[in-house]
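Structure data follow from query_17.pdb (PDB, C-alpha atoms):
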```pdb
ATOM      1  CA  MET E  75    -137.445 168.529 -66.556
ATOM      2  CA  THR E  76    -137.989 166.097 -69.441
ATOM      3  CA  ILE E  77    -140.402 163.276 -68.596
ATOM      4  CA  THR E  78    -139.103 160.193 -70.362
ATOM      5  CA  ALA E  79    -141.048 157.180 -71.566
ATOM      6  CA  ALA E  80    -139.073 155.036 -69.127
ATOM      7  CA  MET E  81    -140.233 157.192 -66.197
ATOM      8  CA  VAL E  82    -143.860 156.921 -67.308
ATOM      9  CA  LYS E  83    -143.502 153.159 -67.758
ATOM     10  CA  ASP E  84    -141.999 152.809 -64.271
ATOM     11  CA  LEU E  85    -144.828 154.804 -62.678
ATOM     12  CA  ARG E  86    -147.453 152.784 -64.589
ATOM     13  CA  GLU E  87    -145.939 149.532 -63.305
ATOM     14  CA  ARG E  88    -145.900 150.814 -59.745
ATOM     15  CA  THR E  89    -149.440 152.217 -59.723
ATOM     16  CA  GLY E  90    -151.395 150.290 -62.360
ATOM     17  CA  LEU E  91    -152.773 153.577 -63.725
ATOM     18  CA  GLY E  92    -152.949 154.861 -67.300
ATOM     19  CA  MET E  93    -150.125 156.353 -69.298
ATOM     20  CA  MET E  94    -151.614 159.848 -69.545
ATOM     21  CA  GLU E  95    -152.404 159.969 -65.809
ATOM     22  CA  CYS E  96    -148.859 158.931 -64.977
ATOM     23  CA  LYS E  97    -147.302 161.393 -67.409
ATOM     24  CA  ALA E  98    -149.440 164.236 -66.028
ATOM     25  CA  ALA E  99    -148.493 163.353 -62.433
ATOM     26  CA  LEU E 100    -144.789 163.258 -63.297
ATOM     27  CA  THR E 101    -145.085 166.585 -65.113
ATOM     28  CA  GLU E 102    -146.857 168.194 -62.166
ATOM     29  CA  THR E 103    -144.228 166.902 -59.715
ATOM     30  CA  GLN E 104    -141.313 167.715 -62.044
ATOM     31  CA  GLY E 105    -140.286 164.092 -62.343
ATOM     32  CA  ASN E 106    -140.288 163.271 -58.617
ATOM     33  CA  MET E 107    -141.430 159.634 -58.592
ATOM     34  CA  ASP E 108    -142.449 159.457 -54.910
ATOM     35  CA  ALA E 109    -144.357 162.745 -55.136
ATOM     36  CA  ALA E 110    -146.095 161.523 -58.284
ATOM     37  CA  ILE E 111    -147.190 158.343 -56.511
ATOM     38  CA  ASP E 112    -148.617 160.364 -53.606
ATOM     39  CA  LEU E 113    -150.396 162.678 -56.046
ATOM     40  CA  LEU E 114    -151.986 159.747 -57.885
ATOM     41  CA  ARG E 115    -153.071 158.183 -54.601
ATOM     42  CA  LYS E 116    -154.783 161.439 -53.615
ATOM     43  CA  LYS E 117    -156.519 161.814 -56.962
ATOM     44  CA  ALA E 118    -157.397 158.243 -57.787
ATOM     45  CA  GLY E 119    -157.169 156.298 -54.554
ATOM     46  CA  ALA E 120    -154.748 153.988 -56.332
ATOM     47  CA  LYS E 121    -153.332 151.052 -54.463
ATOM     48  CA  VAL E 122    -149.689 151.811 -55.102
ATOM     49  CA  GLU E 123    -146.558 150.655 -53.410
ATOM     50  CA  LYS E 124    -145.020 152.943 -50.827
ATOM     51  CA  LYS E 125    -141.648 151.347 -51.093
ATOM     52  CA  SER E 126    -139.962 149.877 -54.103
ATOM     53  CA  GLY E 127    -140.095 146.100 -54.149
ATOM     54  CA  ARG E 128    -138.117 146.014 -57.371
ATOM     55  CA  THR E 129    -134.551 144.795 -57.333
ATOM     56  CA  ALA E 130    -131.410 145.529 -59.308
ATOM     57  CA  ALA E 131    -129.259 142.761 -57.856
ATOM     58  CA  GLU E 132    -129.348 139.025 -57.437
ATOM     59  CA  GLY E 133    -127.749 137.254 -54.506
ATOM     60  CA  ALA E 134    -128.515 135.351 -51.351
ATOM     61  CA  ILE E 135    -129.157 135.724 -47.648
ATOM     62  CA  GLY E 136    -126.497 134.338 -45.313
ATOM     63  CA  LEU E 137    -127.570 133.362 -41.814
ATOM     64  CA  TRP E 138    -125.893 132.175 -38.613
ATOM     65  CA  LEU E 139    -127.721 131.167 -35.405
ATOM     66  CA  SER E 140    -126.131 129.962 -32.185
ATOM     67  CA  PRO E 141    -127.187 126.527 -30.843
ATOM     68  CA  ASP E 142    -128.901 128.158 -27.854
ATOM     69  CA  ARG E 143    -130.670 130.644 -30.181
ATOM     70  CA  LYS E 144    -129.431 133.591 -28.152
ATOM     71  CA  LEU E 145    -127.226 135.123 -30.866
ATOM     72  CA  ALA E 146    -127.804 135.460 -34.612
ATOM     73  CA  ALA E 147    -126.530 137.341 -37.629
ATOM     74  CA  MET E 148    -127.875 137.839 -41.132
ATOM     75  CA  VAL E 149    -126.220 139.291 -44.225
ATOM     76  CA  GLU E 150    -127.210 140.062 -47.790
ATOM     77  CA  VAL E 151    -124.559 139.228 -50.376
ATOM     78  CA  ASN E 152    -125.182 140.303 -53.969
ATOM     79  CA  SER E 153    -124.150 138.947 -57.354
ATOM     80  CA  GLU E 154    -125.014 139.920 -60.904
ATOM     81  CA  THR E 155    -126.959 136.764 -61.783
ATOM     82  CA  ASP E 156    -129.109 134.262 -59.948
ATOM     83  CA  PHE E 157    -127.059 131.486 -61.537
ATOM     84  CA  VAL E 158    -124.003 132.546 -59.518
ATOM     85  CA  ALA E 159    -126.078 133.114 -56.375
ATOM     86  CA  LYS E 160    -127.269 129.499 -56.509
ATOM     87  CA  GLY E 161    -123.716 128.142 -56.466
ATOM     88  CA  ASP E 162    -122.223 126.449 -53.394
ATOM     89  CA  ASP E 163    -119.195 128.769 -53.344
ATOM     90  CA  PHE E 164    -121.394 131.853 -53.201
ATOM     91  CA  GLN E 165    -123.742 130.489 -50.557
ATOM     92  CA  ASP E 166    -120.877 129.197 -48.421
ATOM     93  CA  PHE E 167    -119.347 132.672 -48.552
ATOM     94  CA  ALA E 168    -122.627 134.287 -47.438
ATOM     95  CA  SER E 169    -122.939 131.875 -44.509
ATOM     96  CA  ALA E 170    -119.301 132.391 -43.516
ATOM     97  CA  VAL E 171    -119.696 136.171 -43.505
ATOM     98  CA  ALA E 172    -122.779 135.875 -41.281
ATOM     99  CA  ALA E 173    -120.804 133.718 -38.831
ATOM    100  CA  ALA E 174    -117.986 136.277 -38.751
ATOM    101  CA  VAL E 175    -120.458 139.105 -38.125
ATOM    102  CA  ALA E 176    -121.970 137.192 -35.202
ATOM    103  CA  ARG E 177    -118.551 136.497 -33.718
ATOM    104  CA  ASP E 178    -116.873 139.908 -34.159
ATOM    105  CA  ASN E 179    -119.792 142.364 -34.067
ATOM    106  CA  PRO E 180    -118.560 144.895 -36.690
ATOM    107  CA  THR E 181    -119.626 148.522 -36.361
ATOM    108  CA  ASP E 182    -120.576 149.108 -40.006
ATOM    109  CA  ILE E 183    -120.527 147.547 -43.467
ATOM    110  CA  GLU E 184    -117.018 148.866 -44.173
ATOM    111  CA  ALA E 185    -115.705 146.969 -41.142
ATOM    112  CA  VAL E 186    -117.119 143.689 -42.498
ATOM    113  CA  ALA E 187    -114.479 143.646 -45.246
ATOM    114  CA  SER E 188    -111.734 143.352 -42.607
ATOM    115  CA  LEU E 189    -113.308 140.486 -40.688
ATOM    116  CA  LYS E 190    -111.553 137.146 -40.806
ATOM    117  CA  LEU E 191    -113.465 134.045 -41.821
ATOM    118  CA  ASP E 192    -112.925 130.673 -40.153
ATOM    119  CA  GLY E 193    -110.086 129.859 -42.530
ATOM    120  CA  GLY E 194    -108.181 132.951 -41.433
ATOM    121  CA  GLU E 195    -108.597 134.974 -44.627
ATOM    122  CA  MET E 196    -110.241 138.385 -44.635
ATOM    123  CA  VAL E 197    -113.692 138.801 -46.125
ATOM    124  CA  SER E 198    -112.294 141.223 -48.708
ATOM    125  CA  LYS E 199    -109.713 138.711 -49.951
ATOM    126  CA  VAL E 200    -112.208 135.862 -50.202
ATOM    127  CA  ARG E 201    -114.610 138.148 -52.041
ATOM    128  CA  GLU E 202    -111.909 139.132 -54.544
ATOM    129  CA  ALA E 203    -111.089 135.468 -55.138
ATOM    130  CA  LEU E 204    -114.770 134.716 -55.788
ATOM    131  CA  VAL E 205    -115.016 137.611 -58.246
ATOM    132  CA  ALA E 206    -112.032 136.231 -60.142
ATOM    133  CA  LYS E 207    -113.370 132.669 -60.086
ATOM    134  CA  LEU E 208    -117.025 133.373 -60.913
ATOM    135  CA  GLY E 209    -116.556 136.347 -63.226
ATOM    136  CA  GLU E 210    -119.140 138.575 -61.567
ATOM    137  CA  ASN E 211    -119.146 141.518 -59.225
ATOM    138  CA  ILE E 212    -119.917 140.295 -55.698
ATOM    139  CA  GLY E 213    -120.487 142.402 -52.617
ATOM    140  CA  VAL E 214    -121.756 142.308 -49.050
ATOM    141  CA  ARG E 215    -124.567 144.861 -48.987
ATOM    142  CA  ARG E 216    -125.852 144.885 -45.396
ATOM    143  CA  PHE E 217    -125.923 142.945 -42.149
ATOM    144  CA  VAL E 218    -127.687 142.711 -38.814
ATOM    145  CA  ARG E 219    -126.594 141.073 -35.565
ATOM    146  CA  VAL E 220    -129.082 140.219 -32.802
ATOM    147  CA  ALA E 221    -128.222 139.219 -29.243
ATOM    148  CA  ALA E 222    -131.374 138.257 -27.353
ATOM    149  CA  LYS E 223    -131.800 140.148 -24.107
ATOM    150  CA  GLN E 224    -134.507 137.714 -23.093
ATOM    151  CA  GLY E 225    -136.150 134.808 -24.818
ATOM    152  CA  GLN E 226    -134.721 133.587 -28.119
ATOM    153  CA  VAL E 227    -133.933 134.570 -31.686
ATOM    154  CA  ALA E 228    -135.759 132.722 -34.441
ATOM    155  CA  SER E 229    -134.619 132.724 -38.053
ATOM    156  CA  TYR E 230    -136.179 131.895 -41.381
ATOM    157  CA  VAL E 231    -134.862 131.966 -44.942
ATOM    158  CA  HIS E 232    -137.086 131.430 -47.962
ATOM    159  CA  GLY E 233    -135.430 130.332 -51.186
ATOM    160  CA  ARG E 234    -132.210 132.193 -50.354
ATOM    161  CA  LYS E 235    -134.029 135.429 -51.205
ATOM    162  CA  ILE E 236    -135.890 136.451 -48.036
ATOM    163  CA  GLY E 237    -134.400 136.281 -44.557
ATOM    164  CA  VAL E 238    -135.859 137.085 -41.145
ATOM    165  CA  LEU E 239    -134.504 137.369 -37.618
ATOM    166  CA  VAL E 240    -137.023 137.924 -34.815
ATOM    167  CA  GLU E 241    -136.501 138.133 -31.056
ATOM    168  CA  VAL E 242    -139.321 136.452 -29.133
ATOM    169  CA  ALA E 243    -139.751 136.256 -25.363
ATOM    170  CA  GLY E 244    -142.030 133.514 -24.056
ATOM    171  CA  GLY E 245    -143.727 130.813 -26.058
ATOM    172  CA  ASP E 246    -141.623 128.075 -27.604
ATOM    173  CA  GLU E 247    -139.362 127.446 -30.583
ATOM    174  CA  ALA E 248    -142.274 126.492 -32.850
ATOM    175  CA  LEU E 249    -144.090 129.756 -32.120
ATOM    176  CA  ALA E 250    -140.959 131.817 -32.772
ATOM    177  CA  LYS E 251    -140.453 130.023 -36.091
ATOM    178  CA  ASP E 252    -144.070 130.661 -37.080
ATOM    179  CA  VAL E 253    -143.678 134.371 -36.332
ATOM    180  CA  ALA E 254    -140.491 134.509 -38.422
ATOM    181  CA  MET E 255    -142.282 132.843 -41.344
ATOM    182  CA  HIS E 256    -145.209 135.244 -40.973
ATOM    183  CA  ILE E 257    -142.849 138.242 -41.154
ATOM    184  CA  ALA E 258    -141.256 136.822 -44.298
ATOM    185  CA  ALA E 259    -144.657 136.486 -45.952
ATOM    186  CA  SER E 260    -146.478 139.598 -44.712
ATOM    187  CA  LYS E 261    -143.710 142.241 -44.665
ATOM    188  CA  PRO E 262    -144.701 144.247 -41.557
ATOM    189  CA  GLU E 263    -142.792 147.499 -41.126
ATOM    190  CA  CYS E 264    -142.680 147.522 -37.324
ATOM    191  CA  VAL E 265    -143.931 145.562 -34.315
ATOM    192  CA  SER E 266    -146.735 147.798 -33.021
ATOM    193  CA  LYS E 267    -148.662 150.932 -33.955
ATOM    194  CA  GLU E 268    -146.719 152.886 -31.340
ATOM    195  CA  GLN E 269    -143.608 152.409 -33.477
ATOM    196  CA  VAL E 270    -145.140 153.813 -36.682
ATOM    197  CA  PRO E 271    -143.576 157.253 -37.290
ATOM    198  CA  ALA E 272    -145.984 160.138 -36.660
ATOM    199  CA  GLU E 273    -145.012 161.752 -39.964
ATOM    200  CA  LEU E 274    -145.992 158.588 -41.855
ATOM    201  CA  ILE E 275    -149.408 158.522 -40.179
ATOM    202  CA  ALA E 276    -149.860 162.226 -40.959
ATOM    203  CA  LYS E 277    -148.974 161.619 -44.600
ATOM    204  CA  GLU E 278    -151.443 158.748 -44.905
ATOM    205  CA  LYS E 279    -154.137 160.800 -43.178
ATOM    206  CA  GLU E 280    -153.608 163.597 -45.699
ATOM    207  CA  ILE E 281    -153.975 161.159 -48.598
ATOM    208  CA  PHE E 282    -157.022 159.430 -47.127
ATOM    209  CA  SER E 283    -158.631 162.813 -46.408
ATOM    210  CA  ALA E 284    -158.145 163.907 -50.013
ATOM    211  CA  GLN E 285    -159.689 160.649 -51.224
ATOM    212  CA  ALA E 286    -162.635 160.840 -48.818
ATOM    213  CA  ALA E 287    -163.345 164.472 -49.697
ATOM    214  CA  GLN E 288    -164.229 163.375 -53.226
ATOM    215  CA  SER E 289    -167.235 161.461 -51.826
ATOM    216  CA  GLY E 290    -169.069 164.701 -51.118
ATOM    217  CA  LYS E 291    -170.153 163.441 -47.698
ATOM    218  CA  PRO E 292    -170.428 165.666 -44.580
ATOM    219  CA  ALA E 293    -167.250 166.537 -42.681
ATOM    220  CA  ASN E 294    -168.134 164.380 -39.653
ATOM    221  CA  ILE E 295    -168.672 161.346 -41.891
ATOM    222  CA  ILE E 296    -165.406 162.027 -43.721
ATOM    223  CA  GLU E 297    -163.596 162.201 -40.382
ATOM    224  CA  LYS E 298    -164.931 158.770 -39.418
ATOM    225  CA  MET E 299    -163.990 157.395 -42.825
ATOM    226  CA  VAL E 300    -160.445 158.666 -42.405
ATOM    227  CA  GLU E 301    -160.205 157.243 -38.892
ATOM    228  CA  GLY E 302    -161.274 153.860 -40.244
ATOM    229  CA  ARG E 303    -158.710 153.989 -43.042
ATOM    230  CA  ILE E 304    -155.931 154.911 -40.610
ATOM    231  CA  ALA E 305    -156.885 152.013 -38.334
ATOM    232  CA  LYS E 306    -156.800 149.664 -41.319
ATOM    233  CA  PHE E 307    -153.440 151.084 -42.425
ATOM    234  CA  LEU E 308    -151.923 150.526 -38.967
ATOM    235  CA  GLY E 309    -153.189 146.952 -39.003
ATOM    236  CA  GLU E 310    -151.534 146.361 -42.364
ATOM    237  CA  VAL E 311    -148.072 147.730 -41.512
ATOM    238  CA  THR E 312    -147.673 146.433 -37.948
ATOM    239  CA  LEU E 313    -146.816 142.872 -37.006
ATOM    240  CA  LEU E 314    -149.286 142.782 -34.106
ATOM    241  CA  GLY E 315    -152.122 144.130 -36.239
ATOM    242  CA  GLN E 316    -151.737 141.710 -39.136
ATOM    243  CA  PRO E 317    -153.853 138.557 -39.544
ATOM    244  CA  PHE E 318    -151.668 135.531 -38.803
ATOM    245  CA  VAL E 319    -150.911 133.829 -42.127
ATOM    246  CA  LYS E 320    -151.644 130.322 -40.813
ATOM    247  CA  ASP E 321    -154.920 131.430 -39.203
ATOM    248  CA  PRO E 322    -156.240 134.677 -40.765
ATOM    249  CA  ASP E 323    -159.164 134.783 -38.331
ATOM    250  CA  ASN E 324    -156.689 135.640 -35.567
ATOM    251  CA  SER E 325    -154.156 138.459 -35.409
ATOM    252  CA  VAL E 326    -150.503 137.946 -34.561
ATOM    253  CA  GLU E 327    -151.164 139.913 -31.365
ATOM    254  CA  LYS E 328    -153.848 137.408 -30.278
ATOM    255  CA  LEU E 329    -151.562 134.503 -31.168
ATOM    256  CA  LEU E 330    -148.736 135.880 -29.023
ATOM    257  CA  LYS E 331    -151.068 136.610 -26.097
ATOM    258  CA  SER E 332    -152.426 133.061 -26.220
ATOM    259  CA  LYS E 333    -148.860 131.778 -25.808
ATOM    260  CA  ASN E 334    -147.881 134.428 -23.227
ATOM    261  CA  ALA E 335    -145.213 135.706 -25.616
ATOM    262  CA  THR E 336    -143.976 139.064 -26.913
ATOM    263  CA  VAL E 337    -141.837 140.220 -29.834
ATOM    264  CA  ALA E 338    -138.986 142.569 -28.989
ATOM    265  CA  GLY E 339    -138.068 143.303 -32.590
ATOM    266  CA  PHE E 340    -137.348 141.854 -36.012
ATOM    267  CA  THR E 341    -135.370 142.389 -39.213
ATOM    268  CA  ARG E 342    -136.537 141.284 -42.656
ATOM    269  CA  TYR E 343    -134.213 141.307 -45.671
ATOM    270  CA  GLU E 344    -135.200 140.690 -49.272
ATOM    271  CA  VAL E 345    -132.391 140.338 -51.786
ATOM    272  CA  GLY E 346    -131.918 143.512 -53.821
ATOM    273  CA  GLU E 347    -134.703 145.314 -51.985
ATOM    274  CA  GLY E 348    -134.974 148.960 -52.994
ATOM    275  CA  ILE E 349    -132.711 148.696 -56.046
ATOM    276  CA  GLU E 350    -134.445 148.949 -59.414
ATOM    277  CA  LYS E 351    -134.835 145.679 -61.229
ATOM    278  CA  LYS E 352    -137.844 143.442 -61.633
ATOM    279  CA  SER E 353    -137.842 140.281 -59.569
ATOM    280  CA  GLY E 354    -140.196 137.481 -58.622
ATOM    281  CA  ASP E 355    -142.752 138.030 -55.906
ATOM    282  CA  PHE E 356    -140.893 136.112 -53.224
ATOM    283  CA  ALA E 357    -143.239 137.307 -50.481
ATOM    284  CA  ALA E 358    -146.164 135.717 -52.318
ATOM    285  CA  GLU E 359    -144.212 132.461 -52.517
ATOM    286  CA  VAL E 360    -143.646 132.514 -48.765
ATOM    287  CA  MET E 361    -147.326 133.282 -48.129
ATOM    288  CA  ALA E 362    -148.366 130.268 -50.193
ATOM    289  CA  GLN E 363    -145.873 128.015 -48.425
ATOM    290  CA  VAL E 364    -146.838 129.159 -44.925
ATOM    291  CA  LYS E 365    -150.571 128.746 -45.546
ATOM    292  CA  GLY E 366    -149.977 125.260 -46.844
ATOM    293  CA  GLY E 367    -147.625 124.348 -43.975
TER
END
```
Could you show the structure in this file as structure tokens?
Amino acid sequence: MTITAAMVKDLRERTGLGMMECKAALTETQGNMDAAIDLLRKKAGAKVEKKSGRTAAEGAIGLWLSPDRKLAAMVEVNSETDFVAKGDDFQDFASAVAAAVARDNPTDIEAVASLKLDGGEMVSKVREALVAKLGENIGVRRFVRVAAKQGQVASYVHGRKIGVLVEVAGGDEALAKDVAMHIAASKPECVSKEQVPAELIAKEKEIFSAQAAQSGKPANIIEKMVEGRIAKFLGEVTLLGQPFVKDPDNSVEKLLKSKNATVAGFTRYEVGEGIEKKSGDFAAEVMAQVKGG
């Protein structure tokens, strides 16, 4: 397989490593980007992203929350430019789709197109009218609907670009809002370490072991080093293990326990997530806002 300059450039941006290292890794993995990232992490201990945070679409998050905070829905609606996404027509459409999702509980994204908005028109027809009016391709990419089994649903949207729904039992509305803002800023992958897939832990252990082996230390020391790295990794990817953004000396788990509260689950959307196109670091913006709040 031919390794192109664009592939090398992409890998350099994602790992921060040199051009020759990236080209060699891509050559060794026959152009497989994810495998090349893992290979570089094993060889160089590089701090590289495990998931693409780059985006290939603009757009906005639409959100609907019931007055009693027992039912909520969130959608991502995409456009070609941020200029269109900022417009009232586009944002009203995103909010209206979220309300329809909450009301009708569609089974999949294809079913969303057939939902009727408050005015009686189908989502698909309103979308087509917006495309004609605004001159850009517009689409509903994904949605989530949450009905609280106990407690409440909290929501948070940052700059139209990041949206969070989190189900919290116990505590109060302020706590639930703080947790939602924390999730927006810190990007946890799951609630607790028990929810981290075993294959992901095994993969990280393999990488950490390869890194630690380069130290030349005895096997028992390497084992302890790997155990420490795994513990740190679990703290980074789980909501309960993360330092609370408003009080980094305490974990989210300690915060929840102090309020006699638990988190049943959460969903975090970032516009264009996982589609290749550079975008601003919205998570960093949220972090700065939360710490200053």
Nearest-residue call for E:Ile135, choices E:Arg342, E:Arg88, E:Lys306, E:Arg234, using only C-alpha atoms: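 Of the candidates, the smallest distance to E:Ile135 is held by E:Arg234.
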Can you pull out the residues contacting E:Asp163? Cut-off 9 Å, using all atoms listed in the file, and skip same-chain residues under 5 positions away; I want them as a PyMOL selection string. chain E and resi 158+168+204
Is there a way to get, as number ranges by chain, all residues within 6 Å of the point (-141.1, 138.8, -27.1) in file coordinates, counting all atoms listed in the file? E: 242-243, 335-338
Could the residues in this selection be written to a file with C-alpha atoms, as a PDB file, in the frame of the given file?
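The result, stored in selection.pdb:
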```
ATOM      1  CA  VAL E 242    -139.321 136.452 -29.133  1.00  0.00           C
ATOM      2  CA  ALA E 243    -139.751 136.256 -25.363  1.00  0.00           C
ATOM      3  CA  ALA E 335    -145.213 135.706 -25.616  1.00  0.00           C
ATOM      4  CA  THR E 336    -143.976 139.064 -26.913  1.00  0.00           C
ATOM      5  CA  VAL E 337    -141.837 140.220 -29.834  1.00  0.00           C
ATOM      6  CA  ALA E 338    -138.986 142.569 -28.989  1.00  0.00           C
TER       7      ALA E 338
END
```
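Atom CA of E:Asn324 is positioned 28.3 Å from atom CA of E:Lys144.
Residues matching the PyMOL selection byres ((chain E and resi 148) around 7) in this structure come to E:Ile135, E:Gly136, E:Leu137, E:Trp138, E:Ala146, E:Ala147, E:Val149, E:Ala172, E:Phe217, E:Val218, E:Arg219.
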Residues selected by the PyMOL selection byres ((chain E and resi 153) around 8), written as a VMD selection string: chain E and resid 131 to 133 151 to 152 154 to 156 158 to 159 210 to 213
Atom CA of E:Leu100 sits from atom CA of E:Met75 at a separation of 9.6 Å
If you count only C-alpha atoms, the residue of E:Lys331, E:Phe307, E:Ala99, E:Ala79 closest to E:Lys277 turns out to be E:Phe307
Within 10 Å of E:Arg86, counting all atoms listed in the file, which residues qualify if same-chain residues fewer than 5 places away don't, as a list in words? Ala80, Met81, Leu91, Gly92, Met93, Met94, Glu95, Cys96, Lys97, Ile111 and Val122 of chain E
